[in-house]
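Undergrad: Below you'll find query-v4.cif; it's mmCIF, C-alpha atoms.
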data_my_file
#
loop_
_atom_site.label_atom_id
_atom_site.label_comp_id
_atom_site.auth_asym_id
_atom_site.auth_seq_id
_atom_site.Cartn_x
_atom_site.Cartn_y
_atom_site.Cartn_z
CA MET K 1 129.22 72.72 144.83
CA HIS K 2 131.96 72.59 142.34
CA CYS K 3 132.22 72.81 138.62
CA VAL K 4 134.73 70.91 136.58
CA GLY K 5 134.82 71.88 132.95
CA PRO K 6 136.39 69.82 130.19
CA GLY K 7 139.33 72.19 130.12
CA ALA K 8 140.22 71.69 133.77
CA ALA K 9 142.50 68.71 133.21
CA PRO K 10 143.82 68.36 129.68
CA VAL K 11 143.60 64.95 128.14
CA GLY K 12 146.97 63.36 128.53
CA THR K 13 147.41 64.58 132.07
CA PRO K 14 147.06 61.69 134.49
CA ARG K 15 144.46 62.50 137.08
CA PRO K 16 145.38 62.38 140.71
CA ALA K 17 144.52 59.12 142.40
CA GLY K 18 141.06 59.18 143.83
CA GLY K 19 139.86 61.93 141.51
CA GLY K 20 136.39 61.49 140.12
CA ARG K 21 135.37 61.38 136.53
CA LEU K 22 135.36 64.67 134.71
CA LEU K 23 131.94 66.15 134.70
CA ARG K 24 130.15 68.41 132.37
CA CYS K 25 130.26 72.00 133.44
CA VAL K 26 127.11 72.07 135.48
CA ALA K 27 126.85 72.53 139.19
CA VAL K 28 127.60 69.13 140.62
CA GLU K 29 127.26 68.13 144.19
CA THR K 30 130.05 66.15 145.72
CA ASP K 31 129.44 62.71 147.16
CA VAL K 32 129.89 64.18 150.64
CA GLU K 33 127.13 66.71 150.03
CA LEU K 34 124.81 64.04 148.64
CA LEU K 35 125.63 61.78 151.54
CA GLY K 36 124.61 64.47 154.00
CA ARG K 37 121.29 64.92 152.25
CA LEU K 38 120.78 61.17 152.02
CA ARG K 39 121.22 60.90 155.76
CA ASP K 40 118.43 63.43 156.09
CA GLY K 41 116.22 61.18 153.99
CA ASP K 42 116.35 63.29 150.82
CA GLU K 43 115.18 61.10 147.94
CA ASP K 44 116.58 63.42 145.27
CA ALA K 45 120.02 62.83 146.74
CA PHE K 46 119.44 59.11 146.46
CA VAL K 47 118.43 59.35 142.82
CA ALA K 48 121.46 61.56 142.09
CA LEU K 49 123.79 58.99 143.64
CA VAL K 50 122.17 56.19 141.70
CA ALA K 51 122.48 58.13 138.47
CA ARG K 52 126.15 58.66 139.21
CA TYR K 53 127.13 55.09 140.01
CA GLN K 54 124.52 52.73 138.60
CA GLY K 55 126.32 52.21 135.25
CA THR K 56 129.63 51.32 136.84
CA MET K 57 127.97 49.13 139.46
CA LEU K 58 126.10 47.17 136.82
CA ARG K 59 129.26 46.74 134.77
CA ILE K 60 131.18 45.41 137.74
CA ALA K 61 128.37 43.21 139.01
CA ARG K 62 127.91 41.77 135.54
CA SER K 63 131.56 40.76 135.49
CA ILE K 64 131.07 38.69 138.64
CA VAL K 65 127.61 37.11 138.39
CA PRO K 66 126.25 34.86 135.62
CA THR K 67 123.41 36.95 134.20
CA GLN K 68 122.28 40.54 133.70
CA ALA K 69 119.19 39.85 135.82
CA VAL K 70 121.30 38.72 138.77
CA ALA K 71 123.56 41.74 138.28
CA GLU K 72 120.56 44.05 138.48
CA GLU K 73 119.35 42.33 141.64
CA VAL K 74 122.76 42.65 143.23
CA VAL K 75 122.93 46.35 142.40
CA GLN K 76 119.46 46.97 143.79
CA ASP K 77 120.32 45.00 146.89
CA THR K 78 123.44 47.12 147.27
CA TRP K 79 121.43 50.33 147.13
CA MET K 80 119.08 48.98 149.74
CA GLY K 81 122.07 48.18 151.92
CA VAL K 82 123.33 51.72 151.41
CA VAL K 83 120.02 53.32 152.34
CA ARG K 84 119.68 51.18 155.44
CA GLY K 85 123.33 51.24 156.41
CA ILE K 86 124.06 54.88 155.71
CA ASP K 87 124.37 55.71 159.37
CA ARG K 88 127.09 53.11 159.73
CA PHE K 89 129.19 54.67 157.01
CA GLU K 90 131.96 56.39 158.93
CA GLY K 91 133.75 58.09 156.09
CA ARG K 92 137.03 56.27 156.55
CA SER K 93 136.90 55.35 152.89
CA SER K 94 135.35 57.43 150.16
CA LEU K 95 131.66 56.85 149.58
CA LYS K 96 132.24 55.16 146.25
CA THR K 97 134.89 52.83 147.62
CA TRP K 98 132.42 51.81 150.32
CA LEU K 99 129.69 51.39 147.71
CA PHE K 100 131.83 49.25 145.42
CA ARG K 101 132.99 47.07 148.31
CA ILE K 102 129.43 46.30 149.30
CA LEU K 103 128.63 45.60 145.67
CA VAL K 104 131.53 43.23 145.06
CA ASN K 105 130.85 41.33 148.27
CA ARG K 106 127.18 40.93 147.46
CA ALA K 107 127.90 39.95 143.88
CA ARG K 108 130.36 37.31 145.05
CA SER K 109 127.89 35.84 147.49
CA ALA K 110 125.19 35.92 144.81
CA GLY K 111 127.20 33.43 142.83
CA ALA K 112 130.23 33.51 140.63
CA ARG K 113 129.96 33.21 136.89
CA GLU K 114 130.10 29.71 135.63
CA ARG K 115 132.89 30.28 133.23
CA PRO K 116 136.12 30.71 135.12
CA SER K 117 138.12 33.82 134.36
CA ALA K 118 141.26 33.30 132.32
CA PRO K 119 144.22 32.33 134.45
CA ILE K 120 146.49 35.24 135.07
CA ASP K 121 149.66 33.39 134.17
CA VAL K 122 148.75 33.10 130.51
CA VAL K 123 151.10 35.35 128.56
CA GLU K 124 149.38 38.36 127.09
CA HIS K 125 151.30 40.88 125.01
CA ALA K 126 150.66 44.60 125.38
CA VAL K 127 151.35 44.97 121.66
CA ASP K 128 150.94 42.43 118.88
CA PRO K 129 154.39 40.72 118.69
CA GLY K 130 154.23 41.03 114.89
CA ARG K 131 154.78 44.77 115.29
CA PHE K 132 158.37 44.10 116.38
CA ASP K 133 161.30 42.81 114.33
CA GLY K 134 163.72 40.07 115.31
CA SER K 135 165.76 42.45 117.47
CA GLY K 136 162.66 43.55 119.39
CA SER K 137 162.41 47.00 117.77
CA TRP K 138 159.28 48.44 116.19
CA ARG K 139 159.04 47.43 112.53
CA GLU K 140 157.12 50.55 111.59
CA PRO K 141 157.29 53.96 113.26
CA VAL K 142 154.67 54.48 115.97
CA ALA K 143 152.38 57.28 114.85
CA PRO K 144 151.82 59.88 117.57
CA TRP K 145 148.13 60.31 118.26
CA ALA K 146 146.55 63.66 117.90
CA ASP K 147 145.92 65.09 121.32
CA GLU K 148 143.11 67.26 122.50
CA ALA K 149 145.15 70.38 121.86
CA ASP K 150 144.80 69.54 118.16
CA ARG K 151 141.03 69.61 118.59
CA ARG K 152 140.92 66.38 116.66
CA VAL K 153 140.30 64.18 119.64
CA ASP K 154 136.68 64.34 120.57
CA ALA K 155 136.32 62.39 123.80
CA ALA K 156 132.54 62.21 123.49
CA ALA K 157 132.76 60.75 119.99
CA LEU K 158 135.16 58.08 121.22
CA ALA K 159 133.08 57.13 124.25
CA PRO K 160 130.93 54.49 122.46
CA LEU K 161 134.06 52.80 121.12
CA LEU K 162 135.64 52.83 124.56
CA ARG K 163 132.49 51.55 126.24
CA SER K 164 132.35 48.61 123.91
CA ALA K 165 136.09 47.97 124.30
CA LEU K 166 135.58 48.01 128.08
CA ASP K 167 132.75 45.51 127.75
CA ASP K 168 135.01 43.27 125.69
CA LEU K 169 137.77 43.14 128.31
CA PRO K 170 138.18 39.92 130.26
CA ASP K 171 136.22 40.22 133.51
CA ARG K 172 139.05 40.89 135.90
CA GLN K 173 140.68 43.43 133.62
CA ARG K 174 137.34 45.18 133.22
CA GLN K 175 136.88 45.37 136.98
CA VAL K 176 140.27 46.95 137.54
CA VAL K 177 140.15 49.37 134.59
CA THR K 178 136.63 50.47 135.49
CA LEU K 179 137.56 51.21 139.09
CA ARG K 180 140.90 52.85 138.31
CA ASP K 181 140.40 54.68 135.05
CA VAL K 182 136.65 55.24 134.77
CA GLU K 183 135.92 55.88 138.44
CA GLY K 184 139.32 57.22 139.42
CA LEU K 185 139.84 55.04 142.50
CA SER K 186 143.38 54.80 143.85
CA SER K 187 145.27 51.55 143.41
CA GLU K 188 144.95 50.90 147.16
CA ASP K 189 141.18 51.32 147.10
CA THR K 190 140.91 49.17 143.99
CA CYS K 191 142.86 46.38 145.67
CA ALA K 192 140.64 46.68 148.75
CA VAL K 193 137.42 46.61 146.75
CA LEU K 194 138.43 43.59 144.71
CA GLY K 195 140.51 41.81 147.33
CA ILE K 196 143.55 41.47 145.07
CA SER K 197 147.26 42.13 145.55
CA ALA K 198 148.95 45.28 144.31
CA GLY K 199 150.95 43.20 141.82
CA ASN K 200 147.86 41.54 140.34
CA GLN K 201 146.09 44.86 140.20
CA ARG K 202 148.94 46.35 138.14
CA LEU K 203 149.10 43.36 135.84
CA LEU K 204 145.35 43.46 135.16
CA LEU K 205 145.49 47.23 134.69
CA HIS K 206 148.39 46.86 132.26
CA ARG K 207 146.60 44.29 130.17
CA GLY K 208 143.31 46.15 130.21
CA ARG K 209 144.84 49.49 129.26
CA SER K 210 146.89 47.82 126.53
CA ARG K 211 143.72 46.35 125.03
CA LEU K 212 141.93 49.69 125.18
CA ARG K 213 144.88 51.35 123.44
CA THR K 214 144.74 48.72 120.73
CA ALA K 215 140.99 49.32 120.32
CA LEU K 216 141.51 53.07 119.98
CA GLU K 217 144.44 52.86 117.61
CA PRO K 218 142.58 52.64 114.28
CA ARG K 219 140.64 55.79 115.17
CA MET K 220 143.54 57.77 116.54
CA GLY K 221 146.29 57.74 113.95
CA ARG K 222 147.10 60.97 112.24
CA PRO K 223 145.52 61.22 108.81
CA MET Z 224 170.28 47.33 116.11
CA PRO Z 225 174.09 47.49 115.98
CA GLY Z 226 175.99 48.13 119.19
CA LEU Z 227 173.12 46.96 121.36
CA LEU Z 228 174.30 46.56 124.91
CA ARG Z 229 173.00 43.66 126.88
CA ARG Z 230 171.64 45.97 129.53
CA ASP Z 231 169.66 47.99 127.01
CA LEU Z 232 165.95 47.45 126.77
CA VAL Z 233 164.41 46.66 123.44
CA CYS Z 234 161.07 48.17 122.44
CA ARG Z 235 159.23 44.88 122.86
CA GLN Z 236 160.26 44.86 126.52
CA ALA Z 237 159.76 48.58 127.06
CA VAL Z 238 156.05 48.49 126.19
CA GLU Z 239 155.49 45.91 128.92
CA LEU Z 240 156.91 48.26 131.56
CA VAL Z 241 154.82 51.35 130.93
CA THR Z 242 152.10 50.60 133.49
CA ASP Z 243 154.55 49.88 136.27
CA TYR Z 244 156.35 53.05 135.23
CA LEU Z 245 153.21 55.19 135.36
CA GLU Z 246 152.25 53.57 138.67
CA GLY Z 247 155.63 54.44 140.16
CA ALA Z 248 156.20 50.75 140.79
CA LEU Z 249 159.45 50.22 138.89
CA PRO Z 250 162.59 49.78 140.97
CA ARG Z 251 165.01 52.65 140.48
CA ARG Z 252 167.39 50.87 138.11
CA ALA Z 253 164.62 49.56 135.92
CA ARG Z 254 163.09 53.01 135.82
CA ARG Z 255 166.37 54.56 134.71
CA ARG Z 256 166.79 51.95 132.02
CA LEU Z 257 163.32 52.62 130.72
CA GLU Z 258 163.78 56.39 130.83
CA ALA Z 259 167.05 56.04 128.91
CA HIS Z 260 165.25 53.96 126.32
CA LEU Z 261 162.40 56.48 126.06
CA ARG Z 262 164.86 59.35 125.54
CA ALA Z 263 166.46 57.48 122.67
CA CYS Z 264 163.32 55.96 121.13
CA PRO Z 265 160.67 58.21 119.60
CA ASN Z 266 158.47 55.18 118.90
CA CYS Z 267 158.26 54.05 122.52
CA SER Z 268 157.81 57.67 123.62
CA ALA Z 269 154.88 57.93 121.22
CA TYR Z 270 153.56 54.65 122.60
CA LEU Z 271 153.72 55.95 126.17
CA GLU Z 272 151.79 59.04 125.13
CA GLN Z 273 149.19 56.81 123.49
CA ILE Z 274 148.73 54.96 126.77
CA ARG Z 275 148.44 58.26 128.66
CA LEU Z 276 145.79 59.45 126.23
CA THR Z 277 143.98 56.11 126.51
CA ILE Z 278 143.82 56.55 130.29
CA ALA Z 279 142.58 60.12 129.97
CA LEU Z 280 139.90 59.18 127.44
CA THR Z 281 138.74 56.25 129.58
CA GLY Z 282 138.28 58.73 132.43
CA ARG Z 283 135.83 60.62 130.26
CA VAL Z 284 133.48 57.73 129.66
CA GLU Z 285 130.29 59.08 131.16
CA PRO Z 286 127.82 56.88 132.97
CA ASP Z 287 124.88 55.75 130.91
CA ASP Z 288 121.86 57.94 131.51
CA LEU Z 289 119.31 56.54 133.86
CA PRO Z 290 116.00 56.00 132.03
CA PRO Z 291 113.07 57.98 133.51
CA GLU Z 292 111.16 54.83 134.48
CA ALA Z 293 114.19 53.52 136.37
CA ARG Z 294 114.29 56.83 138.19
CA ARG Z 295 110.63 56.45 139.21
CA ASP Z 296 111.10 52.84 140.31
CA LEU Z 297 114.06 53.81 142.42
CA THR Z 298 112.19 56.60 144.09
CA ASP Z 299 109.43 54.12 144.98
CA LEU Z 300 111.94 51.61 146.28
CA TYR Z 301 113.64 54.28 148.30
CA ARG Z 302 110.40 55.23 149.99
CA ARG Z 303 109.71 51.60 150.76
CA TRP Z 304 113.16 51.00 152.19
CA ARG Z 305 113.01 54.14 154.28
CA GLY Z 306 109.47 53.52 155.44
CA GLY Z 307 109.89 49.80 156.10
CA ASP Z 308 112.03 47.89 158.47
CA ALA Z 309 114.97 50.29 158.35
CA GLY Z 310 118.01 49.21 160.29
CA THR Z 311 117.51 45.49 160.08
CA THR Z 312 120.44 44.79 157.80
CA SER Z 313 123.92 44.47 159.13
CA GLY Z 314 127.50 44.21 158.14
CA ASP Z 315 127.86 47.12 155.76
CA GLY Z 316 130.04 49.33 157.89
CA ASP Z 317 132.95 50.71 155.96
CA GLY Z 318 135.60 49.32 158.24
CA ARG Z 319 135.37 45.81 156.90
CA ALA Z 320 133.15 44.67 154.10
CA PRO Z 321 130.80 41.79 154.96
#
Mind converting the file's structure to structure tokens?
TA:
Amino acid sequence: MHCVGPGAAPVGTPRPAGGGRLLRCVAVETDVELLGRLRDGDEDAFVALVARYQGTMLRIARSIVPTQAVAEEVVQDTWMGVVRGIDRFEGRSSLKTWLFRILVNRARSAGARERPSAPIDVVEHAVDPGRFDGSGSWREPVAPWADEADRRVDAAALAPLLRSALDDLPDRQRQVVTLRDVEGLSSEDTCAVLGISAGNQRLLLHRGRSRLRTALEPRMGRP
Amino acid sequence: MPGLLRRDLVCRQAVELVTDYLEGALPRRARRRLEAHLRACPNCSAYLEQIRLTIALTGRVEPDDLPPEARRDLTDLYRRWRGGDAGTTSGDGDGRAP
């Protein structure tokens, strides 16, 4: 068991690749521990895993299939595959990478969304071009955001805003940002799960993070 | 900006490089150019910190709580899956996704 309190990694410190989300300071079992119990047929371990990953799985499935109902089916189907295939999981990837790969593959075979995702070659600016003058410099000074050390940034209070900003991202950006920044997958694992190149992964990550920054901005300026 | 050298980055370009920078994906010369710009430009430095904080805050988005009835349904499903025709699916090994 391990215990990761909110103070363990200050906001503003990039987490190591592959690190999980920060958890409230309660005893939390690692995926490896849960996996061991799941192999022994422990249903509490199953429910704990579902509680941990269901939200992300639904969000990713929903970005691939046409309706919420299909997304829910795909997620359920994925869990069934996990329960039945658990003995074939060899631990070469992390459990969640394995889980998300199964999910993405099943979602893709369940049927792609009807509306095509925006082509990647459309220019998208990280920052509204109106914020720069003719020479390309910022027109107005960029206000530093308060950081957690100021005790003015309350991550929990910002979570609803971020969730809705995540939901508003274009599908492919949402997939990448969810895997990288919400779930803490490495770039390699994210590319493997989604079947995209490293360059595309970075581009989608860049656009997604830029949009999230823009969404946070009105709430984060110094008073 | 008087005295702007052609090789200097402008802010509008710098903000497009921050992800590659944080990912360690910028070639050495481009990285040096960006770092030189960041040293000289408090606005772009503040912007980079905003992106870092955005990443950190996104990492704190907690999963939605599982409703109690979903928990019950899942437990039922789990029993069915375990009790039923276990082992009949294929292709979910972690080496290569199906």
Undergrad: I need the residue nearest chain K from this list: Z:Gly282, Z:Pro250, Z:Pro290, Z:Pro265. Use only C-alpha atoms for the distance.
TA: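 Selected residue with least distance to chain K: Z:Gly282.
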Undergrad: Which is closest to chain K among Z:Ala248, Z:Cys234, Z:Gly306, Z:Cys264, if we use only C-alpha atoms?
TA: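 Of all the options, Z:Cys234 lies closest to chain K.
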Undergrad: Determine the nearest neighbour of chain Z from the options K:Ala157, K:Leu162, K:Ala71, K:Leu194, counting all atoms listed in the file.
TA: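 Closest to chain Z of all the choices is K:Leu162.
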Undergrad: Output the contact residues of chain K with respect to chain Z at a cut-off of 6 Å, based on only C-alpha atoms, as a VMD selection string.
TA: chain K and resid 11 to 12 21 51 55 84 88 to 89 98 136 to 137 141 to 142 144 159 181 to 182 206 213
Undergrad: Quick one: of K:Leu203, K:Val50, K:Ala107, K:Ala156, who's nearest to K:Arg62, counting all atoms listed in the file?
TA: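 With all atoms listed in the file as the atom set, the closest residue is K:Ala107.
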Undergrad: Nearest to K:Glu43 among K:Ala61, K:Ala155, K:Val176, K:Val83, with distances taken over only C-alpha atoms: which residue is it?
TA: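 Going through K:Ala61, K:Ala155, K:Val176, K:Val83 one by one, the smallest distance to K:Glu43 is for K:Val83.
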Undergrad: Once the PyMOL selection byres ((chain K and resi 39) around 12) has been applied to the shown file, what residues remain in the selection, as a PyMOL selection string?
TA: (chain K and resi 32-38+40-46+82-89) or (chain Z and resi 305)
Undergrad: What is the atom CA of K:Met220 to atom CA of K:Leu179 distance in Å?
TA: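 About the pair atom CA of K:Met220 and atom CA of K:Leu179: they are 24.2 Å apart.
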Undergrad: When you draw a straight line from atom CA of K:Leu99 to atom CA of K:Pro160, how long is it in Å?
TA: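 Separating atom CA of K:Leu99 from atom CA of K:Pro160 is a distance of 25.5 Å.
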Undergrad: Can you work out the spacing between atom CA of K:Ser210 and atom CA of K:Ala126 in Å, to one decimal?
TA: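 A separation of 5.1 Å between them.
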Undergrad: Exactly which residues make up the result of the PyMOL selection byres ((chain K and resi 56-60) around 8) on this file, given as number ranges by chain?
TA: K: 53-55, 61-64, 71-72, 75, 100, 103-104, 167, 174-175, 178, 183; Z: 286
Undergrad: So that I can see what lies close to K:Leu204, please list as a PyMOL selection string the residues with an atom at most 9 Å from it, counting only C-alpha atoms and leaving out residues fewer than 4 positions away in the same chain.
TA: chain K and resi 120+172-177+199-200+208-209
Undergrad: Using all atoms listed in the file, which protein or nucleic acid residues come within 8 Å of K:Arg211? Drop anything in the same chain fewer than 3 positions from it, and give the result as a short mmCIF file (atom, residue, chain, number, x, y, z; two decimals) with C-alpha atoms, in the coordinates of the input.
TA:
data_model
loop_
_atom_site.label_atom_id
_atom_site.label_comp_id
_atom_site.auth_asym_id
_atom_site.auth_seq_id
_atom_site.Cartn_x
_atom_site.Cartn_y
_atom_site.Cartn_z
CA ALA K 126 150.66 44.60 125.38
CA ALA K 165 136.09 47.97 124.30
CA LEU K 169 137.77 43.14 128.31
CA ARG K 207 146.60 44.29 130.17
CA GLY K 208 143.31 46.15 130.21
CA THR K 214 144.74 48.72 120.73
CA ALA K 215 140.99 49.32 120.32
#
